[in-house]
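Visitor: Can you read through this structure? Questions will come right after.
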Amino acid sequence: NTYGPNMDQNDGRVVSNFIVQALKGKDITIYGQGAQTRSFQYVDDLIDGMTRMMATTKTVGPLNIGNPNEFSIAELANTILQLIPNSKSKIVFAPLPEDDPRQRQPDISKARELLGWNPSVELKEGLKKTIAYFESVIT
């Protein structure tokens, strides 16, 4: 779940969906009770990890470059609403699809060990930058 400025506002990813809905004052739809967790990675961290992987002289094989910090979908929605305090959006709940995973958390131990890489952008910091971008492009 990589996110950041320059995302398409209609790409269907949860971060962009929630931000755009909040900025437009539309309801934010959470499937289930929002307890399922996801890991969100700011685009700069992804680029840093990929650059390190391409620059290494080590044979590293496949690596997971993600952010292992987990947040529930409900936490994400509430954080976005806190960061957009003038939003008129409400959180609404819909049935959870059967195939919706309960947890997604990457194991980045190989990237840490072989590349000395860790994501550095915290969720709120990245969301602030992403919200600022969407505020500048939403009409």
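How things are named: the first chain in the structure tokens is A, the next is B, and so on; residues count from 1 in each chain; ligands count from 1 in the order shown.
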Show which residues sit within 10 Å of Val14 of chain A, as a PDB file with N, CA, C and O atoms, in the first residue's frame. Count only C-alpha atoms, and ignore same-chain residues fewer than 6 positions away.
Guide:
ATOM      1  N   ASN A   1       0.830  -1.190   0.000  1.00  0.00           N
ATOM      2  CA  ASN A   1       0.000   0.000   0.000  1.00  0.00           C
ATOM      3  C   ASN A   1       0.868   1.245   0.000  1.00  0.00           C
ATOM      4  O   ASN A   1       0.947   1.976   0.973  1.00  0.00           O
ATOM      5  N   TYR A   3       1.720   5.006  -1.003  1.00  0.00           N
ATOM      6  CA  TYR A   3       0.899   6.197  -1.219  1.00  0.00           C
ATOM      7  C   TYR A   3       1.785   7.424  -1.234  1.00  0.00           C
ATOM      8  O   TYR A   3       2.938   7.374  -0.799  1.00  0.00           O
ATOM      9  N   VAL A  20      -9.681  11.601  -0.690  1.00  0.00           N
ATOM     10  CA  VAL A  20     -10.555  12.287  -1.643  1.00  0.00           C
ATOM     11  C   VAL A  20     -11.976  12.386  -1.091  1.00  0.00           C
ATOM     12  O   VAL A  20     -12.614  13.441  -1.163  1.00  0.00           O
ATOM     13  N   ILE A  28     -17.056   8.135   4.149  1.00  0.00           N
ATOM     14  CA  ILE A  28     -15.928   7.217   4.015  1.00  0.00           C
ATOM     15  C   ILE A  28     -16.460   5.820   4.339  1.00  0.00           C
ATOM     16  O   ILE A  28     -16.943   5.580   5.444  1.00  0.00           O
ATOM     17  N   THR A  29     -16.361   4.936   3.361  1.00  0.00           N
ATOM     18  CA  THR A  29     -16.892   3.587   3.534  1.00  0.00           C
ATOM     19  C   THR A  29     -15.808   2.655   4.036  1.00  0.00           C
ATOM     20  O   THR A  29     -14.748   2.523   3.418  1.00  0.00           O
ATOM     21  N   ILE A  30     -16.096   2.019   5.171  1.00  0.00           N
ATOM     22  CA  ILE A  30     -15.224   0.997   5.736  1.00  0.00           C
ATOM     23  C   ILE A  30     -15.965  -0.332   5.625  1.00  0.00           C
ATOM     24  O   ILE A  30     -17.137  -0.429   5.986  1.00  0.00           O
ATOM     25  N   ARG A  38      -3.561  -3.029   7.688  1.00  0.00           N
ATOM     26  CA  ARG A  38      -2.755  -2.842   6.490  1.00  0.00           C
ATOM     27  C   ARG A  38      -1.487  -2.100   6.890  1.00  0.00           C
ATOM     28  O   ARG A  38      -1.425  -1.441   7.917  1.00  0.00           O
ATOM     29  N   PHE A  40       1.105   0.764   5.417  1.00  0.00           N
ATOM     30  CA  PHE A  40       1.120   1.848   4.442  1.00  0.00           C
ATOM     31  C   PHE A  40       2.527   2.411   4.333  1.00  0.00           C
ATOM     32  O   PHE A  40       3.145   2.744   5.340  1.00  0.00           O
ATOM     33  N   ILE A  73      -7.902  -0.332   9.304  1.00  0.00           N
ATOM     34  CA  ILE A  73      -8.571   0.531   8.328  1.00  0.00           C
ATOM     35  C   ILE A  73      -9.340   1.637   9.059  1.00  0.00           C
ATOM     36  O   ILE A  73      -9.366   2.789   8.618  1.00  0.00           O
ATOM     37  N   LEU A  76      -6.901   4.319  10.024  1.00  0.00           N
ATOM     38  CA  LEU A  76      -6.552   5.134   8.872  1.00  0.00           C
ATOM     39  C   LEU A  76      -7.632   6.179   8.605  1.00  0.00           C
ATOM     40  O   LEU A  76      -7.329   7.364   8.446  1.00  0.00           O
ATOM     41  N   ALA A  77      -8.878   5.751   8.567  1.00  0.00           N
ATOM     42  CA  ALA A  77      -9.984   6.681   8.298  1.00  0.00           C
ATOM     43  C   ALA A  77     -10.040   7.779   9.358  1.00  0.00           C
ATOM     44  O   ALA A  77     -10.173   8.966   9.024  1.00  0.00           O
TER      45      ALA A  77
END
Visitor: Excluding same-chain residues fewer than 6 positions from Asn78 of chain A, what lies within 12 Å of it counting only C-alpha atoms, as an NGL selection string?
Guide: :A and (15 or 18-19 or 22 or 28-30 or 34 or 71-72 or 84-85 or 87 or 89-92 or 124 or 127)
Visitor: Let's see if you can do this: from backbone DSSP, list all helix (DSSP H, G or I) residues in segment 22-95 of chain A, as number ranges by chain.
Guide: A: 22-24, 43-55, 73-83
Visitor: Keeping only N, CA and C atoms, take the residues you just selected and write them out as a PDB file, in the first residue's frame.
Guide:
ATOM      1  N   ALA A  22     -12.866  12.454   2.048  1.00  0.00           N
ATOM      2  CA  ALA A  22     -12.866  13.428   3.147  1.00  0.00           C
ATOM      3  C   ALA A  22     -12.788  14.855   2.632  1.00  0.00           C
ATOM      4  N   LEU A  23     -11.979  15.091   1.613  1.00  0.00           N
ATOM      5  CA  LEU A  23     -11.868  16.446   1.064  1.00  0.00           C
ATOM      6  C   LEU A  23     -13.143  16.887   0.365  1.00  0.00           C
ATOM      7  N   LYS A  24     -13.870  15.938  -0.203  1.00  0.00           N
ATOM      8  CA  LYS A  24     -15.114  16.267  -0.898  1.00  0.00           C
ATOM      9  C   LYS A  24     -16.336  16.201   0.019  1.00  0.00           C
ATOM     10  N   VAL A  43       5.781   6.869  -0.543  1.00  0.00           N
ATOM     11  CA  VAL A  43       6.493   6.631  -1.794  1.00  0.00           C
ATOM     12  C   VAL A  43       7.995   6.892  -1.678  1.00  0.00           C
ATOM     13  N   ASP A  44       8.415   7.890  -0.924  1.00  0.00           N
ATOM     14  CA  ASP A  44       9.846   8.172  -0.784  1.00  0.00           C
ATOM     15  C   ASP A  44      10.595   6.996  -0.169  1.00  0.00           C
ATOM     16  N   ASP A  45       9.963   6.284   0.767  1.00  0.00           N
ATOM     17  CA  ASP A  45      10.597   5.114   1.372  1.00  0.00           C
ATOM     18  C   ASP A  45      10.743   3.989   0.355  1.00  0.00           C
ATOM     19  N   LEU A  46       9.743   3.800  -0.477  1.00  0.00           N
ATOM     20  CA  LEU A  46       9.829   2.777  -1.526  1.00  0.00           C
ATOM     21  C   LEU A  46      10.980   3.089  -2.474  1.00  0.00           C
ATOM     22  N   ILE A  47      11.067   4.338  -2.911  1.00  0.00           N
ATOM     23  CA  ILE A  47      12.125   4.732  -3.845  1.00  0.00           C
ATOM     24  C   ILE A  47      13.500   4.540  -3.211  1.00  0.00           C
ATOM     25  N   ASP A  48      13.645   4.908  -1.924  1.00  0.00           N
ATOM     26  CA  ASP A  48      14.915   4.721  -1.228  1.00  0.00           C
ATOM     27  C   ASP A  48      15.288   3.239  -1.182  1.00  0.00           C
ATOM     28  N   GLY A  49      14.347   2.385  -0.835  1.00  0.00           N
ATOM     29  CA  GLY A  49      14.626   0.947  -0.775  1.00  0.00           C
ATOM     30  C   GLY A  49      15.002   0.373  -2.130  1.00  0.00           C
ATOM     31  N   MET A  50      14.277   0.773  -3.157  1.00  0.00           N
ATOM     32  CA  MET A  50      14.579   0.267  -4.506  1.00  0.00           C
ATOM     33  C   MET A  50      15.932   0.777  -4.995  1.00  0.00           C
ATOM     34  N   THR A  51      16.248   2.025  -4.698  1.00  0.00           N
ATOM     35  CA  THR A  51      17.536   2.585  -5.105  1.00  0.00           C
ATOM     36  C   THR A  51      18.680   1.847  -4.422  1.00  0.00           C
ATOM     37  N   ARG A  52      18.512   1.580  -3.143  1.00  0.00           N
ATOM     38  CA  ARG A  52      19.548   0.822  -2.418  1.00  0.00           C
ATOM     39  C   ARG A  52      19.707  -0.586  -2.991  1.00  0.00           C
ATOM     40  N   MET A  53      18.588  -1.200  -3.341  1.00  0.00           N
ATOM     41  CA  MET A  53      18.647  -2.552  -3.885  1.00  0.00           C
ATOM     42  C   MET A  53      19.379  -2.549  -5.232  1.00  0.00           C
ATOM     43  N   MET A  54      19.107  -1.564  -6.068  1.00  0.00           N
ATOM     44  CA  MET A  54      19.767  -1.499  -7.378  1.00  0.00           C
ATOM     45  C   MET A  54      21.241  -1.135  -7.265  1.00  0.00           C
ATOM     46  N   ALA A  55      21.610  -0.413  -6.223  1.00  0.00           N
ATOM     47  CA  ALA A  55      22.988   0.054  -6.080  1.00  0.00           C
ATOM     48  C   ALA A  55      23.901  -0.950  -5.384  1.00  0.00           C
ATOM     49  N   ILE A  73      -7.902  -0.332   9.304  1.00  0.00           N
ATOM     50  CA  ILE A  73      -8.571   0.531   8.328  1.00  0.00           C
ATOM     51  C   ILE A  73      -9.340   1.637   9.059  1.00  0.00           C
ATOM     52  N   ALA A  74      -9.929   1.301  10.197  1.00  0.00           N
ATOM     53  CA  ALA A  74     -10.634   2.322  10.987  1.00  0.00           C
ATOM     54  C   ALA A  74      -9.664   3.387  11.485  1.00  0.00           C
ATOM     55  N   GLU A  75      -8.463   2.983  11.925  1.00  0.00           N
ATOM     56  CA  GLU A  75      -7.458   3.961  12.363  1.00  0.00           C
ATOM     57  C   GLU A  75      -7.075   4.887  11.218  1.00  0.00           C
ATOM     58  N   LEU A  76      -6.901   4.319  10.024  1.00  0.00           N
ATOM     59  CA  LEU A  76      -6.552   5.134   8.872  1.00  0.00           C
ATOM     60  C   LEU A  76      -7.632   6.179   8.605  1.00  0.00           C
ATOM     61  N   ALA A  77      -8.878   5.751   8.567  1.00  0.00           N
ATOM     62  CA  ALA A  77      -9.984   6.681   8.298  1.00  0.00           C
ATOM     63  C   ALA A  77     -10.040   7.779   9.358  1.00  0.00           C
ATOM     64  N   ASN A  78      -9.926   7.413  10.606  1.00  0.00           N
ATOM     65  CA  ASN A  78      -9.978   8.408  11.685  1.00  0.00           C
ATOM     66  C   ASN A  78      -8.788   9.359  11.645  1.00  0.00           C
ATOM     67  N   THR A  79      -7.613   8.858  11.304  1.00  0.00           N
ATOM     68  CA  THR A  79      -6.431   9.716  11.194  1.00  0.00           C
ATOM     69  C   THR A  79      -6.621  10.735  10.078  1.00  0.00           C
ATOM     70  N   ILE A  80      -7.126  10.288   8.936  1.00  0.00           N
ATOM     71  CA  ILE A  80      -7.363  11.199   7.822  1.00  0.00           C
ATOM     72  C   ILE A  80      -8.383  12.268   8.221  1.00  0.00           C
ATOM     73  N   LEU A  81      -9.437  11.879   8.911  1.00  0.00           N
ATOM     74  CA  LEU A  81     -10.429  12.867   9.346  1.00  0.00           C
ATOM     75  C   LEU A  81      -9.839  13.850  10.358  1.00  0.00           C
ATOM     76  N   GLN A  82      -8.923  13.401  11.200  1.00  0.00           N
ATOM     77  CA  GLN A  82      -8.243  14.312  12.128  1.00  0.00           C
ATOM     78  C   GLN A  82      -7.375  15.319  11.380  1.00  0.00           C
ATOM     79  N   LEU A  83      -6.768  14.866  10.276  1.00  0.00           N
ATOM     80  CA  LEU A  83      -5.875  15.731   9.507  1.00  0.00           C
ATOM     81  C   LEU A  83      -6.632  16.664   8.556  1.00  0.00           C
TER      82      LEU A  83
END
Visitor: Would you list the contacts of Pro95 of chain A as a JSON list (two decimals) with N, CA and C atoms, in the first residue's frame, taking every protein, DNA or RNA residue within 9 Å and counting only C-alpha atoms, but skipping same-chain residues closer than 4 positions in sequence?
Guide:
[["chain", "number", "residue", "atom", "x", "y", "z"],
["A", 30, "ILE", "N", -16.10, 2.02, 5.17],
["A", 30, "ILE", "CA", -15.22, 1.00, 5.74],
["A", 30, "ILE", "C", -15.96, -0.33, 5.62],
["A", 31, "TYR", "N", -15.27, -1.32, 5.12],
["A", 31, "TYR", "CA", -15.87, -2.65, 4.99],
["A", 31, "TYR", "C", -15.61, -3.45, 6.26],
["A", 32, "GLY", "N", -16.65, -4.08, 6.77],
["A", 32, "GLY", "CA", -16.57, -4.75, 8.06],
["A", 32, "GLY", "C", -16.56, -3.69, 9.15],
["A", 33, "GLN", "N", -15.89, -3.99, 10.24],
["A", 33, "GLN", "CA", -15.78, -3.02, 11.33],
["A", 33, "GLN", "C", -14.49, -2.21, 11.26]]
Visitor: Near segment 108-116 of chain A, within 7 Å and counting only C-alpha atoms, which residues show up once chain neighbours fewer than 5 positions away are dropped, as number ranges by chain?
Guide: A: 52-53, 60, 63-66
Visitor: So how many Å separate atom CA of Arg102 of chain A and atom CA of Pro62 of chain A, to one decimal?
Guide: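 Between atom CA of Arg102 of chain A and atom CA of Pro62 of chain A the gap works out to 24.5 Å.
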